[in-house]
Structure formats: C-alpha cells, structure tokens
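Enquirer: Take a look at this one; I'll ask things after.
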Amino acid sequence: MTDSAKPHLTARPAFSLRAWLDAPVPATPWQARAQQSLNQWRRFRRNTSALFGLIVILFIVTVAIFAPWLATHDIYAQNLQLRLAPVSREYWLGTDELGRDIYSRLIYGARITLYITGLTALIVGPLGLLVGTLAGTVGGWTDTILMRIVDIFLAFPSLILALGFVAALGPGIENAIIAISLSAWPPIARLARAEALSIRKMDYVAAVRLQGASQMRIILRHIIPMCLPSVVVRLTLNMAGIILTASGLGFLGLGAQAPSPEWGAMLSSGRQFMMTHWTIAAIPGLSILFTSLAFNLFGDGLRDVLDLRHD
C-alpha cells in the first residue's frame, strides 16, 4: 500500500484541565459547576483579609486534629513545684497555677472550641433555615406564629438568653451547646424568611406550583437551595459570636467544667494572676480573639463570593 492509499489519521487533541475550566461555553452541567466554583475561588483569593482568615481557621483545625502529637505534656498532670513557671525550653508557654503545661492545654482547648462551634452550627443552620423558609413560603397564621416566637427570642440579648438556658439545664459542654443553639437560631430564621418571601414570587416557583407540586416539595427542592448561600454566610459570620458566648459561659463556670482545657475556663482561672503572670490569661484570651477574628474575616469574604448582590 502506497503512502497516498493509507487512511489519514488525525491526532486527538490532548485534554487540558485549564482549557476545560476556562471554556467560554460549558458543555455539561458538571463543567458549569466546576467553572462557577473556580470563579468563586478566584474572587475569594483576591480578598486578602478573607484569605488570611481561612488560613488561620485551617491552622486551628489542623492543630486540633493533631493535638495528641503536638502536645508536649499531659494536660491534666499537676506539678505544684513548677506552678506559674515562666516560658522555658520544657514549657513553651509556661505553666498555670497548678503547674500544668499551658501550651498543651491550649492545643486541646482548640478541640473543645471547634466542637462547640461546629455542633452549634449543625443545629442552628438547619433549624433556622427550615423555620424561616416555612414561614416565608406558607405565610398566613404559620408565618405569624413562627415569627412571633422568633421575636420573643430576639427580644433578649443572646448571651443573657444563653445564660438563662444553661442555668436551667445545668453546667456542662452539652448543655452549653443546647443553650447557645436556642439563642442563635432566630437571626437565621429571620434571614431565611426574608429570602423566601422574595423567592416565592419568582416565575419558576409559580410554574412548579401549577404543575401540582406540594408546598413541602417546593420548600425543600426550590426555596431552601436558593436560601442556602445567604444562610451559610450568616452562619459563618455568627461563628465569632458563638465562640465568644461559649467562652463567656466557660469563663462564668457554666460551660466546660474543670479540669477541661477550655479557653474561657483557662481565662477565668488565670485572671487572678493578671498583675504578676499576665500570660496565663493573655494566651487563651488571644486565642479567642484571633479565632473569632478569623471567622469574621472568612465570613466577609464568603459573602462577597456567594452573595452577588453585595458589591
């Protein structure tokens, strides 16, 4: 067979992930979602303060996960001969009033803080989202009753309300989580209701309703997914308040109980040594400050990415 008689074979172009993500017209829904996620990450990356907040949060999460390997001492071991010891090669951040290593207790305290914050968010987010979308979509007496309940909760400051609930339930981490959740869900419900009121008037919701979809199906399949970005942003911004409330309960002795290395409890036990050994109280206090600040910065950047109306 001569060269002219051989079939002409064209080389298949090599797949390029960058070209696939930057394609002007997506070919599949999955490609469209991937392009949207990439564009959101690029928008978020341009926000320096939000990126700093994300790095701090990831650092705290990493420290909490690897706490058993990063800690240098037993967090419960007491040595009264070394109480209030200064910073040294053996005790990187010194010791507290009972001779316990502050560095190790600080690392394990990150676990408790993230545990309280994460579990509270898992309770507050779905509860507030469901109540708000149900009230905004159904309307009528359902809206009136649910919103009056929300107004009752919002009439009290969140910390005062959490103090009342935890005083009734008793001290402890689990009771503190319940108390904080009961005081933190009303703002989420109010936001979700406002979003649902505007979404339920859209044409696609009316079309789904004309097709015979039930009220609950409309809420679960069409209203909640549209409200979710705003709720996630608000919940992220509320993380700082949740951390401060949890630390406040621990500071007052109504949250995590001794000898648990919770940052608020550590701050409470170290406040009596502020004039002589100020680092005992300053170290957990700064940890609370930077963690709350990181969540605030991250929430601001997330709002810029997910809420396109905020420019």
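Residues in the structure tokens are numbered from 1 in each chain, the chains being A, B, ... in the order shown, and ligands are numbered from 1 in the order shown.
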Kindly assemble as a Markdown table a list of the range 6-125 of chain A residues that lie within 8 Å of range 175-197 of chain A, each paired with its nearest atom pair and their distance in Å to one decimal, using only C-alpha atoms, sorted first by chain and then by ascending residue number.
Expert:
| residue | atom | partner | partner_atom | distance |
| --- | --- | --- | --- | --- |
| A:Ile116 | CA | A:Ile177 | CA | 6.1 |
| A:Leu119 | CA | A:Ile177 | CA | 7.3 |
| A:Thr120 | CA | A:Ser181 | CA | 5.5 |
| A:Ala121 | CA | A:Ser181 | CA | 7.8 |
| A:Ile123 | CA | A:Ser181 | CA | 6.5 |
| A:Val124 | CA | A:Trp185 | CA | 4.9 |
| A:Gly125 | CA | A:Ile188 | CA | 7.0 |
Enquirer: So which bits of range 143-305 of chain A end up helix (DSSP H, G or I) when you DSSP the backbone, as a PyMOL selection string?
Expert: chain A and resi 143-154+158-169+173-199+203-210+215-251+263-273+279-305
Enquirer: Excluding same-chain residues fewer than 2 positions from Ala162 in chain A, what lies within 12 Å of it counting only C-alpha atoms, as number ranges by chain?
Expert: A: 153-154, 156-160, 164-171, 175-185, 241-242, 244-250, 254-255
Enquirer: Take the residues that were just selected and, keeping N, CA, C and O atoms, output them as a compact mmCIF listing (two decimals), in the first residue's frame.
Expert:
# COMPACT_ATOMS: atom_id res chain seq x y z
N PHE A 153 -37.58 35.41 71.12
CA PHE A 153 -36.17 35.07 71.32
C PHE A 153 -35.27 36.27 71.04
O PHE A 153 -34.27 36.48 71.74
N LEU A 154 -35.61 37.06 70.01
CA LEU A 154 -34.77 38.20 69.65
C LEU A 154 -34.90 39.35 70.63
O LEU A 154 -34.09 40.28 70.60
N PHE A 156 -34.32 39.26 73.70
CA PHE A 156 -33.28 39.13 74.72
C PHE A 156 -31.91 39.07 74.05
O PHE A 156 -31.77 38.46 73.00
N PRO A 157 -30.91 39.69 74.66
CA PRO A 157 -29.53 39.51 74.14
C PRO A 157 -29.15 38.04 74.16
O PRO A 157 -29.53 37.30 75.07
N SER A 158 -28.39 37.62 73.16
CA SER A 158 -28.08 36.20 73.01
C SER A 158 -27.33 35.64 74.21
O SER A 158 -27.59 34.52 74.66
N LEU A 159 -26.38 36.42 74.77
CA LEU A 159 -25.62 35.93 75.91
C LEU A 159 -26.52 35.78 77.14
O LEU A 159 -26.41 34.77 77.87
N ILE A 160 -27.41 36.75 77.37
CA ILE A 160 -28.32 36.67 78.51
C ILE A 160 -29.25 35.48 78.35
O ILE A 160 -29.53 34.74 79.31
N GLY A 164 -29.55 32.12 80.73
CA GLY A 164 -30.78 31.64 81.32
C GLY A 164 -31.01 30.16 81.02
O GLY A 164 -31.39 29.39 81.92
N PHE A 165 -30.77 29.75 79.78
CA PHE A 165 -30.98 28.35 79.42
C PHE A 165 -29.99 27.43 80.13
O PHE A 165 -30.37 26.36 80.63
N VAL A 166 -28.72 27.83 80.17
CA VAL A 166 -27.72 26.95 80.77
C VAL A 166 -27.89 26.92 82.29
O VAL A 166 -27.55 25.91 82.94
N ALA A 167 -28.42 28.00 82.88
CA ALA A 167 -28.71 27.97 84.31
C ALA A 167 -29.85 27.00 84.62
O ALA A 167 -29.86 26.34 85.66
N ALA A 168 -30.80 26.87 83.70
CA ALA A 168 -31.91 25.93 83.88
C ALA A 168 -31.48 24.50 83.59
O ALA A 168 -31.93 23.56 84.26
N LEU A 169 -30.61 24.32 82.59
CA LEU A 169 -30.19 22.98 82.19
C LEU A 169 -29.06 22.44 83.05
O LEU A 169 -28.93 21.22 83.21
N GLY A 170 -28.24 23.33 83.57
CA GLY A 170 -27.08 22.91 84.34
C GLY A 170 -25.80 23.11 83.57
O GLY A 170 -25.80 23.14 82.33
N PRO A 171 -24.66 23.25 84.26
CA PRO A 171 -23.38 23.47 83.58
C PRO A 171 -22.92 22.22 82.84
O PRO A 171 -23.31 21.11 83.15
N ASN A 175 -24.86 20.94 77.58
CA ASN A 175 -25.91 21.90 77.92
C ASN A 175 -25.58 23.29 77.39
O ASN A 175 -26.48 24.05 77.00
N ALA A 176 -24.28 23.63 77.35
CA ALA A 176 -23.88 24.92 76.77
C ALA A 176 -24.20 24.96 75.28
O ALA A 176 -24.65 25.99 74.76
N ILE A 177 -23.99 23.85 74.58
CA ILE A 177 -24.29 23.79 73.15
C ILE A 177 -25.78 23.98 72.93
O ILE A 177 -26.21 24.72 72.03
N ILE A 178 -26.61 23.31 73.74
CA ILE A 178 -28.06 23.46 73.61
C ILE A 178 -28.47 24.90 73.89
O ILE A 178 -29.29 25.48 73.16
N ALA A 179 -27.91 25.50 74.93
CA ALA A 179 -28.27 26.87 75.29
C ALA A 179 -27.87 27.86 74.20
O ALA A 179 -28.65 28.76 73.84
N ILE A 180 -26.67 27.71 73.66
CA ILE A 180 -26.21 28.61 72.60
C ILE A 180 -27.06 28.43 71.35
O ILE A 180 -27.41 29.40 70.67
N SER A 181 -27.42 27.19 71.03
CA SER A 181 -28.24 26.92 69.84
C SER A 181 -29.61 27.56 69.98
O SER A 181 -30.14 28.13 69.01
N LEU A 182 -30.20 27.46 71.15
CA LEU A 182 -31.54 28.04 71.36
C LEU A 182 -31.52 29.56 71.26
O LEU A 182 -32.56 30.16 70.94
N SER A 183 -30.39 30.17 71.52
CA SER A 183 -30.30 31.62 71.43
C SER A 183 -29.78 32.13 70.09
O SER A 183 -29.84 33.32 69.82
N ALA A 184 -29.25 31.22 69.24
CA ALA A 184 -28.60 31.65 67.99
C ALA A 184 -29.43 31.38 66.74
O ALA A 184 -29.09 31.91 65.68
N TRP A 185 -30.49 30.57 66.82
CA TRP A 185 -31.22 30.24 65.60
C TRP A 185 -32.19 31.33 65.11
O TRP A 185 -32.45 31.40 63.90
N GLY A 241 -19.58 35.05 67.23
CA GLY A 241 -20.46 35.22 68.38
C GLY A 241 -20.64 33.94 69.16
O GLY A 241 -20.73 33.96 70.40
N ILE A 242 -20.71 32.81 68.47
CA ILE A 242 -20.84 31.52 69.15
C ILE A 242 -19.59 31.24 69.98
O ILE A 242 -19.69 30.77 71.13
N LEU A 244 -17.50 33.46 71.26
CA LEU A 244 -17.48 34.37 72.40
C LEU A 244 -18.49 33.97 73.46
O LEU A 244 -18.22 34.06 74.67
N THR A 245 -19.68 33.51 73.04
CA THR A 245 -20.68 33.07 74.01
C THR A 245 -20.22 31.83 74.74
O THR A 245 -20.36 31.72 75.97
N ALA A 246 -19.65 30.86 74.00
CA ALA A 246 -19.14 29.64 74.64
C ALA A 246 -18.01 29.97 75.61
O ALA A 246 -17.95 29.41 76.72
N SER A 247 -17.13 30.88 75.22
CA SER A 247 -16.04 31.27 76.11
C SER A 247 -16.57 32.02 77.32
O SER A 247 -16.05 31.85 78.44
N GLY A 248 -17.60 32.84 77.12
CA GLY A 248 -18.21 33.55 78.24
C GLY A 248 -18.84 32.60 79.23
O GLY A 248 -18.73 32.79 80.46
N LEU A 249 -19.53 31.56 78.73
CA LEU A 249 -20.11 30.57 79.64
C LEU A 249 -19.01 29.81 80.39
O LEU A 249 -19.15 29.52 81.58
N GLY A 250 -17.92 29.47 79.68
CA GLY A 250 -16.81 28.81 80.35
C GLY A 250 -16.15 29.72 81.37
O GLY A 250 -15.73 29.27 82.44
N LEU A 254 -20.18 28.09 83.70
CA LEU A 254 -21.41 27.45 83.28
C LEU A 254 -21.23 26.61 82.02
O LEU A 254 -22.18 25.96 81.59
N GLY A 255 -20.04 26.64 81.44
CA GLY A 255 -19.77 25.87 80.24
C GLY A 255 -18.95 24.64 80.57
O GLY A 255 -19.35 23.80 81.39
Enquirer: In Å to one decimal, how far is CA of Ser37 in chain A from CA of Asp304 in chain A?
Expert: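 Going from CA of Asp304 in chain A over to CA of Ser37 in chain A covers 13.6 Å.
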Enquirer: Residues of range 117-189 of chain A within 10 Å of range 92-112 of chain A: nearest atom pair and distance (Å, one decimal) for each, counting only C-alpha atoms, sorted by chain and number, as a tab-separated table?
Expert:
residue	atom	partner	partner_atom	distance
A:Thr117	CA	A:Ile112	CA	8.5
A:Gly118	CA	A:Ile112	CA	9.9
A:Ile173	CA	A:Ile112	CA	8.6
Enquirer: Would you please work out which residue, of A:Leu122, A:Ile55, A:Ala50, A:Leu82, is nearest to Val232 in chain A when using only C-alpha atoms?
Expert: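 That would be A:Leu122, the residue with the smallest distance to Val232 in chain A.
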Enquirer: Find the residues around Arg209 in chain A up to 12 Å (only C-alpha atoms counted), leave out those fewer than 6 positions away in its own chain, and share them as a PyMOL selection string.
Expert: chain A and resi 137+200-203+215-219+221-222
Enquirer: Applying 8 Å and only C-alpha atoms, which residues near Ile60 in chain A remain after dropping the ones on its own chain fewer than 4 positions away? List them as a PyMOL selection string.
Expert: chain A and resi 56+64+110+291
Enquirer: Measuring between only C-alpha atoms, which one of A:Leu70, A:Ala281, A:Leu84, A:Leu297 shows the shortest distance to Trp263 in chain A?
Expert: A:Ala281
Enquirer: So, counting only C-alpha atoms, which residue among A:Leu267, A:Leu58, A:Ala23, A:Leu161 is closest to Phe298 in chain A?
Expert: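 That would be A:Leu58, the residue with the smallest distance to Phe298 in chain A.
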Enquirer: Grab the CA of Trp278 in chain A to CA of Leu54 in chain A distance for me, in Å with one decimal place.
Expert: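 Computed distance, CA of Trp278 in chain A to CA of Leu54 in chain A, equals 29.1 Å.
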Enquirer: With distances taken over only C-alpha atoms, which of A:Leu286, A:Leu80, A:Leu252, A:Leu129 is nearest to Arg234 in chain A?
Expert: A:Leu129
